[in-house]
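Trainee: Got a file for you: coords23.cif, mmCIF, C-alpha atoms.
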data_input
loop_
_atom_site.label_atom_id
_atom_site.label_comp_id
_atom_site.auth_asym_id
_atom_site.auth_seq_id
_atom_site.Cartn_x
_atom_site.Cartn_y
_atom_site.Cartn_z
CA MET A 265 24.06 6.77 0.67
CA GLU A 266 21.29 4.89 2.44
CA ASN A 267 21.57 4.40 6.18
CA LYS A 268 22.06 0.80 7.18
CA VAL A 269 21.60 -0.83 10.55
CA PRO A 270 24.97 -2.12 11.81
CA LYS A 271 25.17 -5.89 11.95
CA MET A 272 25.90 -6.18 15.67
CA ALA A 273 23.24 -3.63 16.53
CA SER A 274 20.81 -5.30 14.18
CA ALA A 275 21.28 -8.65 15.92
CA ALA A 276 20.44 -7.11 19.30
CA ILE A 277 17.51 -5.20 17.82
CA ASN A 278 16.10 -8.33 16.22
CA ASP A 279 15.82 -9.82 19.69
CA SER A 280 13.94 -6.75 20.92
CA PHE A 281 11.55 -6.50 17.98
CA PRO A 282 11.31 -10.04 16.55
CA GLU A 283 7.88 -9.66 14.95
CA GLU A 284 8.71 -6.45 13.12
CA PHE A 285 11.97 -7.74 11.70
CA GLU A 286 10.39 -11.08 10.83
CA ILE A 287 7.92 -9.28 8.55
CA SER A 288 10.71 -7.27 6.96
CA SER A 289 12.80 -10.42 6.43
CA GLN A 290 9.88 -12.13 4.69
CA PHE A 291 9.48 -9.17 2.36
CA ARG A 292 13.20 -9.28 1.56
CA ARG A 293 12.93 -12.97 0.67
CA ILE A 294 10.08 -12.19 -1.71
CA SER A 295 12.13 -9.41 -3.28
CA LYS A 296 15.12 -11.71 -3.75
CA MET A 297 12.90 -14.43 -5.15
CA PHE A 298 11.78 -12.13 -7.96
CA ASN A 299 15.29 -10.81 -8.45
CA THR A 300 17.29 -14.04 -8.57
CA ASN A 301 17.90 -14.04 -12.30
CA GLY A 302 16.69 -10.59 -13.28
CA ILE A 303 13.54 -9.68 -15.19
CA GLY A 304 13.30 -11.79 -18.31
CA PHE A 305 11.72 -14.90 -19.74
CA HIS A 306 14.65 -17.00 -18.51
CA ASN A 307 13.45 -16.26 -14.97
CA MET A 308 10.45 -18.52 -14.41
CA ARG A 309 9.40 -16.51 -11.36
CA ILE A 310 8.86 -13.38 -13.42
CA THR A 311 7.63 -15.00 -16.64
CA GLY A 312 4.14 -15.45 -15.24
CA HIS A 313 3.87 -11.75 -14.47
CA ILE A 314 5.00 -10.78 -17.95
CA LEU A 315 2.33 -13.14 -19.32
CA LEU A 316 -0.24 -11.47 -17.07
CA VAL A 317 0.64 -8.06 -18.53
CA LEU A 318 0.49 -9.39 -22.10
CA CYS A 319 -2.82 -11.11 -21.36
CA CYS A 320 -4.33 -7.86 -20.04
CA ILE A 321 -3.15 -5.94 -23.11
CA VAL A 322 -4.46 -8.56 -25.57
CA ASN A 323 -7.75 -8.86 -23.71
CA MET A 324 -8.24 -5.06 -23.76
CA LEU A 325 -7.51 -4.91 -27.50
CA MET A 326 -9.96 -7.73 -28.17
CA GLY A 327 -12.50 -6.04 -25.94
CA LEU A 328 -12.35 -2.91 -28.11
CA HIS A 329 -13.43 -5.03 -31.09
CA SER A 330 -16.31 -6.65 -29.20
CA ASP A 331 -19.89 -5.39 -29.14
CA TRP A 332 -19.31 -1.97 -27.55
CA ASN A 333 -23.06 -1.35 -27.44
CA LYS A 334 -23.30 -3.82 -24.58
CA VAL A 335 -22.61 -2.19 -21.26
CA GLU A 336 -21.14 -5.46 -19.96
CA SER A 337 -18.38 -5.20 -22.57
CA ARG A 338 -17.45 -1.71 -21.45
CA ILE A 339 -17.44 -2.73 -17.79
CA LEU A 340 -15.27 -5.76 -18.53
CA TRP A 341 -12.89 -3.58 -20.51
CA LEU A 342 -12.53 -1.21 -17.53
CA ARG A 343 -11.89 -4.18 -15.25
CA ASP A 344 -9.14 -5.33 -17.58
CA LEU A 345 -7.68 -1.83 -17.45
CA GLN A 346 -7.65 -1.71 -13.65
CA SER A 347 -6.14 -5.23 -13.54
CA PHE A 348 -3.42 -4.02 -15.90
CA LEU A 349 -2.78 -1.00 -13.65
CA LEU A 350 -2.68 -3.26 -10.61
CA ILE A 351 -0.01 -5.47 -12.18
CA GLN A 352 1.94 -2.35 -13.11
CA LEU A 353 1.72 -1.33 -9.47
CA PHE A 354 3.30 -4.64 -8.46
CA PHE A 355 6.09 -4.17 -11.01
CA CYS A 356 6.57 -0.62 -9.75
CA MET A 357 6.82 -1.96 -6.21
CA LEU A 358 9.43 -4.51 -7.25
CA GLY A 359 11.22 -1.79 -9.19
CA LYS A 360 14.31 -2.27 -11.27
CA ARG A 361 15.83 -5.50 -9.97
CA SER A 362 13.43 -5.24 -6.98
CA TRP A 363 15.23 -2.23 -5.56
CA THR A 364 12.02 -0.46 -4.58
CA LEU A 365 10.87 -3.24 -2.27
CA GLU A 366 14.40 -3.55 -0.91
CA LEU A 367 14.39 0.17 -0.07
CA PHE A 368 10.99 -0.23 1.59
CA CYS A 369 12.53 -2.97 3.71
CA ASP A 370 15.53 -0.76 4.52
CA LEU A 371 13.18 1.95 5.75
CA MET A 372 11.22 -0.52 7.85
CA ASP A 373 14.42 -1.87 9.41
CA GLU A 374 15.66 1.64 10.13
CA HIS A 375 12.33 2.53 11.74
CA TYR A 376 12.19 -0.58 13.90
CA SER A 377 15.86 -0.45 14.84
CA ARG A 378 15.14 2.52 17.13
CA GLN A 379 18.80 3.37 16.63
CA HIS A 380 18.02 7.08 16.31
CA GLU A 381 16.01 7.36 19.50
CA ILE A 382 17.63 9.46 22.23
CA GLY A 383 18.81 7.21 25.04
CA GLU A 384 18.80 10.03 27.59
CA PHE A 385 15.00 10.07 27.30
CA CYS A 386 14.67 6.36 28.05
CA GLU A 387 11.54 6.82 30.19
CA VAL A 388 9.87 8.86 27.44
CA ASN A 389 10.79 6.18 24.91
CA ARG A 390 9.38 3.39 27.06
CA THR A 391 6.14 5.19 27.95
CA PHE A 392 5.46 6.27 24.38
CA ARG A 393 6.23 2.81 23.01
CA LEU A 394 3.83 1.13 25.44
CA ALA A 395 1.07 3.61 24.61
CA ASN A 396 1.49 3.55 20.82
CA SER A 397 3.01 0.19 19.91
CA LEU A 398 1.43 -1.81 17.07
CA ASN A 399 0.91 -5.56 17.26
CA VAL A 400 2.46 -6.22 13.87
CA LYS A 401 1.81 -9.95 13.74
CA THR A 402 -1.90 -9.61 14.57
CA TYR A 403 -2.23 -6.64 12.21
CA CYS A 404 -0.68 -8.56 9.32
CA ARG A 405 -2.60 -11.74 10.08
CA ASN A 406 -5.95 -9.94 10.09
CA PHE A 407 -5.18 -8.04 6.91
CA LEU A 408 -4.07 -11.19 5.11
CA ALA A 409 -7.22 -12.96 6.27
CA VAL A 410 -9.44 -10.20 4.85
CA LEU A 411 -7.49 -10.19 1.57
CA THR A 412 -7.70 -13.97 1.30
CA ILE A 413 -11.44 -14.00 2.00
CA ARG A 414 -11.97 -11.34 -0.64
CA ASN A 415 -10.03 -13.26 -3.29
CA SER A 416 -11.50 -16.61 -2.22
CA ALA A 417 -15.01 -15.40 -2.95
CA PHE A 418 -14.08 -14.58 -6.54
CA SER A 419 -11.36 -17.08 -7.40
CA TYR A 420 -10.29 -19.78 -4.98
CA VAL A 421 -13.76 -21.17 -4.22
CA PRO A 422 -14.90 -21.11 -7.90
CA MET A 423 -11.59 -22.72 -8.92
CA ALA A 424 -11.98 -25.44 -6.31
CA TYR A 425 -15.50 -26.07 -7.56
CA SER A 426 -14.21 -26.21 -11.17
CA VAL A 427 -11.63 -28.84 -10.23
CA PHE A 428 -14.22 -30.84 -8.31
CA LEU A 429 -16.67 -30.63 -11.21
CA VAL A 430 -14.06 -31.73 -13.78
CA ILE A 431 -12.98 -34.70 -11.66
CA ALA A 432 -16.59 -35.74 -10.93
CA VAL A 433 -17.59 -35.48 -14.61
CA ILE A 434 -14.58 -37.41 -15.84
CA ILE A 435 -15.29 -40.18 -13.34
CA GLY A 436 -18.99 -40.19 -14.18
CA ASP A 437 -18.37 -39.80 -17.92
CA ASN A 438 -21.00 -37.04 -18.24
CA TYR A 439 -19.29 -34.17 -20.02
CA SER A 440 -22.42 -32.11 -20.62
CA GLN A 441 -22.18 -30.63 -17.10
CA LEU A 442 -18.81 -29.07 -17.93
CA GLN A 443 -20.55 -26.47 -20.08
CA GLN A 444 -21.61 -24.84 -16.77
CA LEU A 445 -18.10 -24.20 -15.43
CA PRO A 446 -17.93 -21.03 -13.30
CA ILE A 447 -16.27 -18.03 -14.94
CA ILE A 448 -13.68 -16.41 -12.68
CA THR A 449 -12.57 -13.67 -15.09
CA TYR A 450 -14.17 -13.00 -18.45
CA PHE A 451 -11.82 -13.27 -21.43
CA HIS A 452 -12.65 -12.05 -24.92
CA TYR A 453 -12.26 -14.81 -27.54
CA PRO A 454 -14.19 -15.98 -30.63
CA GLN A 455 -17.23 -18.05 -29.68
CA GLU A 456 -16.31 -20.83 -32.10
CA TYR A 457 -13.37 -21.66 -29.82
CA ALA A 458 -15.55 -21.95 -26.72
CA SER A 459 -15.07 -25.23 -24.85
CA TRP A 460 -14.83 -26.44 -21.28
CA GLN A 461 -11.12 -27.16 -21.74
CA LEU A 462 -10.48 -23.52 -22.70
CA GLN A 463 -12.63 -22.20 -19.86
CA PHE A 464 -10.88 -24.45 -17.35
CA ALA A 465 -7.46 -23.25 -18.55
CA LEU A 466 -8.60 -19.62 -18.32
CA ASN A 467 -9.86 -20.23 -14.78
CA ILE A 468 -6.44 -21.58 -13.82
CA PHE A 469 -4.76 -18.51 -15.31
CA ALA A 470 -7.22 -16.18 -13.54
CA THR A 471 -6.59 -17.98 -10.25
CA TYR A 472 -2.86 -17.44 -10.74
CA PHE A 473 -3.56 -13.72 -11.05
CA TYR A 474 -5.51 -13.77 -7.77
CA VAL A 475 -2.65 -15.61 -6.06
CA VAL A 476 -0.25 -12.91 -7.26
CA ASN A 477 -2.76 -10.32 -6.14
CA THR A 478 -2.87 -11.87 -2.66
CA VAL A 479 0.90 -12.16 -2.18
CA LEU A 480 2.16 -8.96 -3.78
CA GLY A 481 -0.90 -6.97 -2.73
CA PHE A 482 -0.26 -7.97 0.87
CA VAL A 483 3.43 -7.05 0.61
CA PHE A 484 2.76 -3.68 -1.00
CA LEU A 485 -0.07 -2.63 1.30
CA ILE A 486 1.44 -3.82 4.58
CA SER A 487 4.90 -2.36 3.85
CA ASN A 488 3.42 1.05 3.05
CA LEU A 489 1.00 1.05 5.98
CA LEU A 490 3.75 0.04 8.42
CA ILE A 491 6.07 2.76 7.15
CA LEU A 492 3.28 5.33 7.49
CA HIS A 493 2.57 4.14 11.02
CA ASN A 494 6.24 4.32 11.96
CA THR A 495 6.53 7.83 10.51
CA TRP A 496 3.57 8.89 12.64
CA TYR A 497 5.18 7.18 15.64
CA GLN A 498 8.52 8.94 15.25
CA PHE A 499 7.04 12.41 14.82
CA GLY A 500 4.88 11.81 17.88
CA LEU A 501 7.99 10.75 19.81
CA PHE A 502 9.79 13.88 18.60
CA THR A 503 7.00 16.01 20.09
CA GLU A 504 7.36 14.12 23.40
CA TYR A 505 11.10 14.84 23.37
CA LEU A 506 10.38 18.54 22.98
CA ARG A 507 7.79 18.45 25.75
CA GLU A 508 10.18 16.68 28.13
CA LEU A 509 13.07 19.00 27.24
CA ASN A 510 10.84 22.01 27.86
CA ARG A 511 10.00 20.75 31.37
CA MET A 512 13.59 20.04 32.38
CA ASN A 513 15.73 22.59 34.22
CA LEU A 514 19.30 21.83 33.12
CA GLU A 515 22.69 23.42 33.00
CA GLU A 516 23.46 25.14 29.70
CA ALA A 517 26.04 22.54 28.61
CA ARG A 518 23.63 19.67 29.26
CA LEU A 519 20.78 21.57 27.62
CA ARG A 520 22.88 22.27 24.55
CA TYR A 521 23.84 18.59 24.27
CA LEU A 522 20.24 17.35 24.46
CA MET A 523 19.03 20.02 22.04
CA ASN A 524 21.65 18.90 19.51
CA ARG A 525 20.42 15.30 19.91
CA VAL A 526 16.80 16.39 19.34
CA ILE A 527 17.79 18.32 16.22
CA ARG A 528 19.66 15.32 14.82
CA TYR A 529 16.63 13.13 15.53
CA HIS A 530 14.39 15.64 13.75
CA GLN A 531 16.72 15.70 10.74
CA THR A 532 16.80 11.90 10.61
CA ILE A 533 13.05 11.35 10.62
CA LEU A 534 12.58 14.11 8.02
CA SER A 535 15.21 12.47 5.82
CA MET A 536 13.54 9.06 6.14
CA HIS A 537 10.15 10.55 5.33
CA SER A 538 11.60 12.32 2.30
CA ARG A 539 13.14 9.08 1.02
CA TYR A 540 9.83 7.28 1.40
CA GLY A 541 8.03 10.13 -0.36
CA LYS A 542 10.27 9.74 -3.41
CA LEU A 543 9.82 5.96 -3.45
CA CYS A 544 6.03 6.01 -3.30
CA ARG A 545 5.27 8.66 -5.95
CA MET A 546 4.57 6.30 -8.83
CA PRO A 547 2.78 3.69 -6.66
CA ILE A 548 0.51 6.49 -5.39
CA LEU A 549 -0.44 7.44 -8.95
CA ILE A 550 -1.12 3.87 -10.11
CA PHE A 551 -2.93 2.94 -6.90
CA ASN A 552 -5.16 6.01 -7.21
CA PHE A 553 -6.26 5.23 -10.78
CA SER A 554 -6.62 1.51 -10.12
CA ILE A 555 -8.79 1.93 -7.03
CA THR A 556 -10.91 4.55 -8.82
CA PHE A 557 -11.67 2.19 -11.72
CA GLN A 558 -12.38 -0.64 -9.27
CA ILE A 559 -14.91 1.38 -7.27
CA CYS A 560 -16.57 2.66 -10.46
CA THR A 561 -17.03 -0.78 -12.02
CA TYR A 562 -18.18 -2.35 -8.75
CA ILE A 563 -20.83 0.34 -8.23
CA TYR A 564 -22.03 -0.04 -11.81
CA SER A 565 -22.16 -3.81 -11.55
CA ILE A 566 -24.15 -3.65 -8.31
CA ILE A 567 -26.62 -0.92 -9.32
CA GLU A 568 -27.09 -1.37 -13.06
CA LEU A 569 -26.27 -5.04 -13.61
CA ARG A 570 -27.83 -6.22 -10.32
CA LYS A 571 -24.77 -8.31 -9.42
CA SER A 572 -24.66 -8.16 -5.62
CA ARG A 573 -21.59 -10.40 -5.41
CA PHE A 574 -19.42 -7.38 -6.22
CA LEU A 575 -20.45 -5.84 -2.90
CA ILE A 576 -17.60 -7.70 -1.20
CA GLN A 577 -15.10 -6.22 -3.66
CA LEU A 578 -16.55 -2.74 -3.19
CA ILE A 579 -16.35 -2.94 0.61
CA PHE A 580 -12.74 -4.14 0.47
CA ALA A 581 -11.76 -1.36 -1.97
CA LEU A 582 -13.36 1.27 0.27
CA MET A 583 -11.64 -0.16 3.36
CA LEU A 584 -8.30 -0.10 1.58
CA LEU A 585 -8.77 3.46 0.34
CA TYR A 586 -9.85 4.63 3.77
CA ALA A 587 -6.85 2.97 5.45
CA PHE A 588 -4.38 4.73 3.17
CA SER A 589 -6.19 8.06 3.46
CA SER A 590 -6.38 7.85 7.25
CA TYR A 591 -2.72 6.91 7.73
CA GLY A 592 -1.63 9.67 5.36
CA GLN A 593 -3.78 12.14 7.31
CA ARG A 594 -2.31 10.96 10.61
CA VAL A 595 1.19 11.75 9.32
CA VAL A 596 0.07 15.22 8.21
CA ASP A 597 -1.64 15.86 11.56
CA VAL A 598 1.32 14.77 13.68
CA GLY A 599 3.61 16.98 11.58
CA GLU A 600 1.34 19.94 12.23
CA ARG A 601 1.18 19.16 15.95
CA SER A 602 4.96 19.04 16.24
CA SER A 603 5.20 22.36 14.37
CA ASN A 604 2.62 23.97 16.67
CA PHE A 605 4.36 22.69 19.78
CA LEU A 606 7.67 24.12 18.59
CA TYR A 607 6.08 27.55 18.63
CA GLU A 608 4.35 26.98 22.00
CA ILE A 609 7.65 26.28 23.79
CA ARG A 610 8.69 29.00 26.25
CA TRP A 611 11.39 30.15 23.89
CA THR A 612 11.48 33.78 25.16
CA GLU A 613 13.09 32.59 28.39
CA LYS A 614 15.78 30.56 26.63
CA PRO A 615 19.29 31.57 25.48
CA ASP A 616 19.83 32.92 21.97
CA TRP A 617 21.39 29.71 20.69
CA TYR A 618 18.36 27.78 21.95
CA GLN A 619 16.01 30.14 20.14
CA LYS A 620 17.99 29.76 16.91
CA HIS A 621 17.77 25.98 17.14
CA LEU A 622 14.01 26.19 17.66
CA LEU A 623 13.71 28.57 14.72
CA LEU A 624 15.65 26.15 12.53
CA MET A 625 13.32 23.24 13.38
CA LEU A 626 10.24 25.45 13.16
CA THR A 627 11.21 26.62 9.67
CA ARG A 628 11.70 23.07 8.47
CA SER A 629 8.50 21.86 10.13
CA ALA A 630 6.51 24.50 8.25
CA ASN A 631 6.65 22.24 5.18
CA SER A 632 3.70 19.90 4.89
CA MET A 633 4.23 16.20 5.58
CA GLU A 634 1.92 15.21 2.73
CA LEU A 635 2.86 12.31 0.49
CA HIS A 636 1.98 13.22 -3.07
CA PHE A 637 2.62 12.59 -6.73
CA PHE A 638 4.35 15.80 -7.80
CA GLY A 639 1.60 17.86 -6.16
CA LEU A 640 -1.19 16.34 -8.29
CA MET A 641 -2.68 14.08 -5.60
CA SER A 642 -1.95 13.73 -1.90
CA VAL A 643 -2.38 10.83 0.49
CA LYS A 644 -4.63 12.31 3.14
CA ARG A 645 -8.29 12.15 4.11
CA THR A 646 -9.39 14.27 1.16
CA LEU A 647 -8.09 11.50 -1.14
CA PHE A 648 -10.99 9.32 0.00
CA THR A 649 -13.59 11.88 -1.05
CA LYS A 650 -11.81 12.78 -4.28
CA VAL A 651 -11.60 9.16 -5.40
CA LEU A 652 -15.28 8.64 -4.60
CA GLN A 653 -16.17 11.78 -6.56
CA ALA A 654 -14.10 10.60 -9.53
CA ALA A 655 -15.64 7.12 -9.38
CA TYR A 656 -19.14 8.64 -9.27
CA THR A 657 -18.27 10.82 -12.27
CA TYR A 658 -17.11 7.78 -14.26
CA PHE A 659 -20.24 5.92 -13.14
CA ASN A 660 -22.49 8.69 -14.48
CA PHE A 661 -20.49 8.73 -17.71
CA LEU A 662 -20.98 4.99 -18.18
CA LYS A 663 -24.64 5.28 -17.34
CA GLY A 664 -25.04 8.15 -19.81
CA THR A 665 -23.34 6.27 -22.62
CA ASP A 666 -25.52 3.25 -21.91
CA GLU A 667 -28.70 5.34 -22.17
CA GLY A 668 -27.43 7.03 -25.33
CA LEU A 669 -26.85 3.69 -27.06
CA ARG A 670 -30.32 2.36 -26.26
#
Translate this file's structure into structure tokens.
Mentor:
Amino acid sequence: MENKVPKMASAAINDSFPEEFEISSQFRRISKMFNTNGIGFHNMRITGHILLVLCCIVNMLMGLHSDWNKVESRILWLRDLQSFLLIQLFFCMLGKRSWTLELFCDLMDEHYSRQHEIGEFCEVNRTFRLANSLNVKTYCRNFLAVLTIRNSAFSYVPMAYSVFLVIAVIIGDNYSQLQQLPIITYFHYPQEYASWQLQFALNIFATYFYVVNTVLGFVFLISNLLILHNTWYQFGLFTEYLRELNRMNLEEARLRYLMNRVIRYHQTILSMHSRYGKLCRMPILIFNFSITFQICTYIYSIIELRKSRFLIQLIFALMLLYAFSSYGQRVVDVGERSSNFLYEIRWTEKPDWYQKHLLLMLTRSANSMELHFFGLMSVKRTLFTKVLQAAYTYFNFLKGTDEGLR
């Protein structure tokens, strides 16, 4: 059964950490919004996302029947594929009846509740919190700003220009200019159906996708990054507990009591990390493939198609990949540091029961803190290089097929 924060304790905690719980509450409202009537066409909030999935599938099938000898067609098909994977990632995040996002929120609340911290080490808690606290509101605001700027360059600004152009042309009664409407996302359709009305409708639909990308992408990325940061924070605090306990000269009864509290804290943070590891397996897989296809197509578009506007997308994808890789590596590193410190404690001078407790924690800490998809891929710094290598391999494959068809 999942650990819940007691209502009275939660009310007091909300006063202590208002920004953190405000973010979690907003995510819960989004989860409930998508879960009001269940997943189905009778739920208007989810219908649009089902249409997005169907649109990606139809567009990919139509792309297979287009002129495959044109490299642009293959690139567009890969972009459709990564968009489809991205939408699947959002559905995976929402989970069955949005349970996955709810569980993410439960973990965030449990992290920020600080209910498992050891009160006897209040000075350690205060010092470590001041040195390693994260300004959540500023962090989220900056990330949302970057995500919005990225999507604005490719959707919001072109859509605003499309609306302005349509209104100006209708007022001026000069419809010939509407043949130059900007294309936000390319859709495969027979050329005999081409018209400004169709292009304008497709731009609206593509803008809706970018709005979904902004909202759900922000929720998915921020929730995972905050959980990774809090995991790193708690393992660092655990190491400080051990360091403080090692310095203290206490009576055996008091020492036994504090050691039992430290062991319970260690068990709790390991349990929370294990729960998060099970929740994020499928998102890790989909995110890995989606970001790989994105980087590959952006590189190809910039180098081979001479479309420099995709440089913004490439930079954002690399920043996102690096953020996940770095936070995953920080969790692995802090787990290794806590394991090393357990061995460096002056355990030879301690009683037998103390040594057994240390051995118990040391044995459990020997397991890696890596987040992975059934051992196939791990979220750590090597993920950054592996994704770049895979994207470069796909890029060379596309380049080779292009040269072979010439």
Trainee: For a cut-off of 12 Å around (17.7, 25.9, 25.3), file coordinates, pick out all residues using only C-alpha atoms and list them as a ChimeraX atom specification.
Mentor: /A:506,509-524,526-527,609-623
Trainee: In terms of the shortest atom-to-atom distance over only C-alpha atoms, which of A:Leu462, A:Ile550, A:Leu429, A:Ile447 is closest to Phe354 in chain A?
Mentor: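 Checking each of A:Leu462, A:Ile550, A:Leu429, A:Ile447 against Phe354 in chain A, counting only C-alpha atoms, the winner is A:Ile550.
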Trainee: Could you list, as a PyMOL selection string, every residue matched by the PyMOL selection byres ((chain A and resi 481) around 10) in this structure?
Mentor: chain A and resi 350-351+353-354+357+408+411+474-480+482-487
Trainee: Selection in question (the file shown): the PyMOL selection byres ((chain A and resi 533-549) around 8). Which residues does it include, as an mmCIF file with C-alpha atoms, in the frame of the given file?
Mentor:
data_model
loop_
_atom_site.group_PDB
_atom_site.id
_atom_site.type_symbol
_atom_site.label_atom_id
_atom_site.label_comp_id
_atom_site.auth_asym_id
_atom_site.auth_seq_id
_atom_site.Cartn_x
_atom_site.Cartn_y
_atom_site.Cartn_z
ATOM 1 C CA LEU A 353 1.720 -1.330 -9.470
ATOM 2 C CA CYS A 356 6.570 -0.620 -9.750
ATOM 3 C CA MET A 357 6.820 -1.960 -6.210
ATOM 4 C CA THR A 364 12.020 -0.460 -4.580
ATOM 5 C CA PHE A 368 10.990 -0.230 1.590
ATOM 6 C CA LEU A 371 13.180 1.950 5.750
ATOM 7 C CA THR A 495 6.530 7.830 10.510
ATOM 8 C CA GLN A 498 8.520 8.940 15.250
ATOM 9 C CA PHE A 499 7.040 12.410 14.820
ATOM 10 C CA TYR A 529 16.630 13.130 15.530
ATOM 11 C CA HIS A 530 14.390 15.640 13.750
ATOM 12 C CA GLN A 531 16.720 15.700 10.740
ATOM 13 C CA THR A 532 16.800 11.900 10.610
ATOM 14 C CA ILE A 550 -1.120 3.870 -10.110
ATOM 15 C CA PHE A 551 -2.930 2.940 -6.900
ATOM 16 C CA ASN A 552 -5.160 6.010 -7.210
ATOM 17 C CA PHE A 553 -6.260 5.230 -10.780
ATOM 18 C CA LEU A 635 2.860 12.310 0.490
ATOM 19 C CA HIS A 636 1.980 13.220 -3.070
ATOM 20 C CA PHE A 637 2.620 12.590 -6.730
ATOM 21 C CA PHE A 638 4.350 15.800 -7.800
ATOM 22 C CA MET A 641 -2.680 14.080 -5.600
ATOM 23 C CA VAL A 643 -2.380 10.830 0.490
#
Trainee: Applying 12 Å and all atoms listed in the file, which residues near Ser397 in chain A remain after dropping the ones on its own chain fewer than 2 positions away? List them as a compact mmCIF listing (two decimals) with C-alpha atoms, keeping the file's coordinate frame.
Mentor:
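Dumped everything to part.txt:
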# COMPACT_ATOMS: atom_id res chain seq x y z
CA PHE A 281 11.55 -6.50 17.98
CA GLU A 284 8.71 -6.45 13.12
CA TYR A 376 12.19 -0.58 13.90
CA ASN A 389 10.79 6.18 24.91
CA ARG A 390 9.38 3.39 27.06
CA THR A 391 6.14 5.19 27.95
CA PHE A 392 5.46 6.27 24.38
CA ARG A 393 6.23 2.81 23.01
CA LEU A 394 3.83 1.13 25.44
CA ALA A 395 1.07 3.61 24.61
CA ASN A 399 0.91 -5.56 17.26
CA VAL A 400 2.46 -6.22 13.87
CA LYS A 401 1.81 -9.95 13.74
CA TYR A 403 -2.23 -6.64 12.21
CA LEU A 490 3.75 0.04 8.42
CA HIS A 493 2.57 4.14 11.02
CA ASN A 494 6.24 4.32 11.96
CA TRP A 496 3.57 8.89 12.64
CA TYR A 497 5.18 7.18 15.64
CA GLN A 498 8.52 8.94 15.25
CA GLY A 500 4.88 11.81 17.88
CA LEU A 501 7.99 10.75 19.81
Trainee: Counting all atoms listed in the file, which of A:Met372, A:Val651, A:Met423, A:Leu445 gets nearest to Phe469 in chain A?
Mentor: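 Nearest to Phe469 in chain A: A:Met423.
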Trainee: Quote the spacing between CA of Thr471 in chain A and CA of Tyr658 in chain A in Å to one decimal place.
Mentor: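 Separation of CA of Thr471 in chain A and CA of Tyr658 in chain A: 28.1 Å.
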Trainee: Pick from A:Leu489, A:Ile287, A:Leu584, A:Val317: nearest to Val410 in chain A, with only C-alpha atoms counted?
Mentor: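 Going through A:Leu489, A:Ile287, A:Leu584, A:Val317 one by one, the smallest distance to Val410 in chain A is for A:Leu584.
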Trainee: For CA of Ser629 in chain A and CA of Asn396 in chain A, quote the distance in Å rounded to one decimal.
Mentor: 22.3 Å
Trainee: Please write the residues picked by the PyMOL selection byres ((chain A and resi 591) around 10) on this file as an NGL selection string.
Mentor: :A and (488-493 or 495-496 or 586-590 or 592-597 or 643-645)
Trainee: Measuring atom to atom with all atoms listed in the file, identify which of A:His375, A:Arg573, A:Arg601, A:Arg507 is nearest to Arg414 in chain A.
Mentor: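 That would be A:Arg573, the residue with the smallest distance to Arg414 in chain A.
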Trainee: For a test of reading the model, state the distance in Å between CA of Glu384 in chain A and CA of Ser632 in chain A, rounded to one decimal.
Mentor: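 Calculated distance between CA of Glu384 in chain A and CA of Ser632 in chain A is 29.0 Å.
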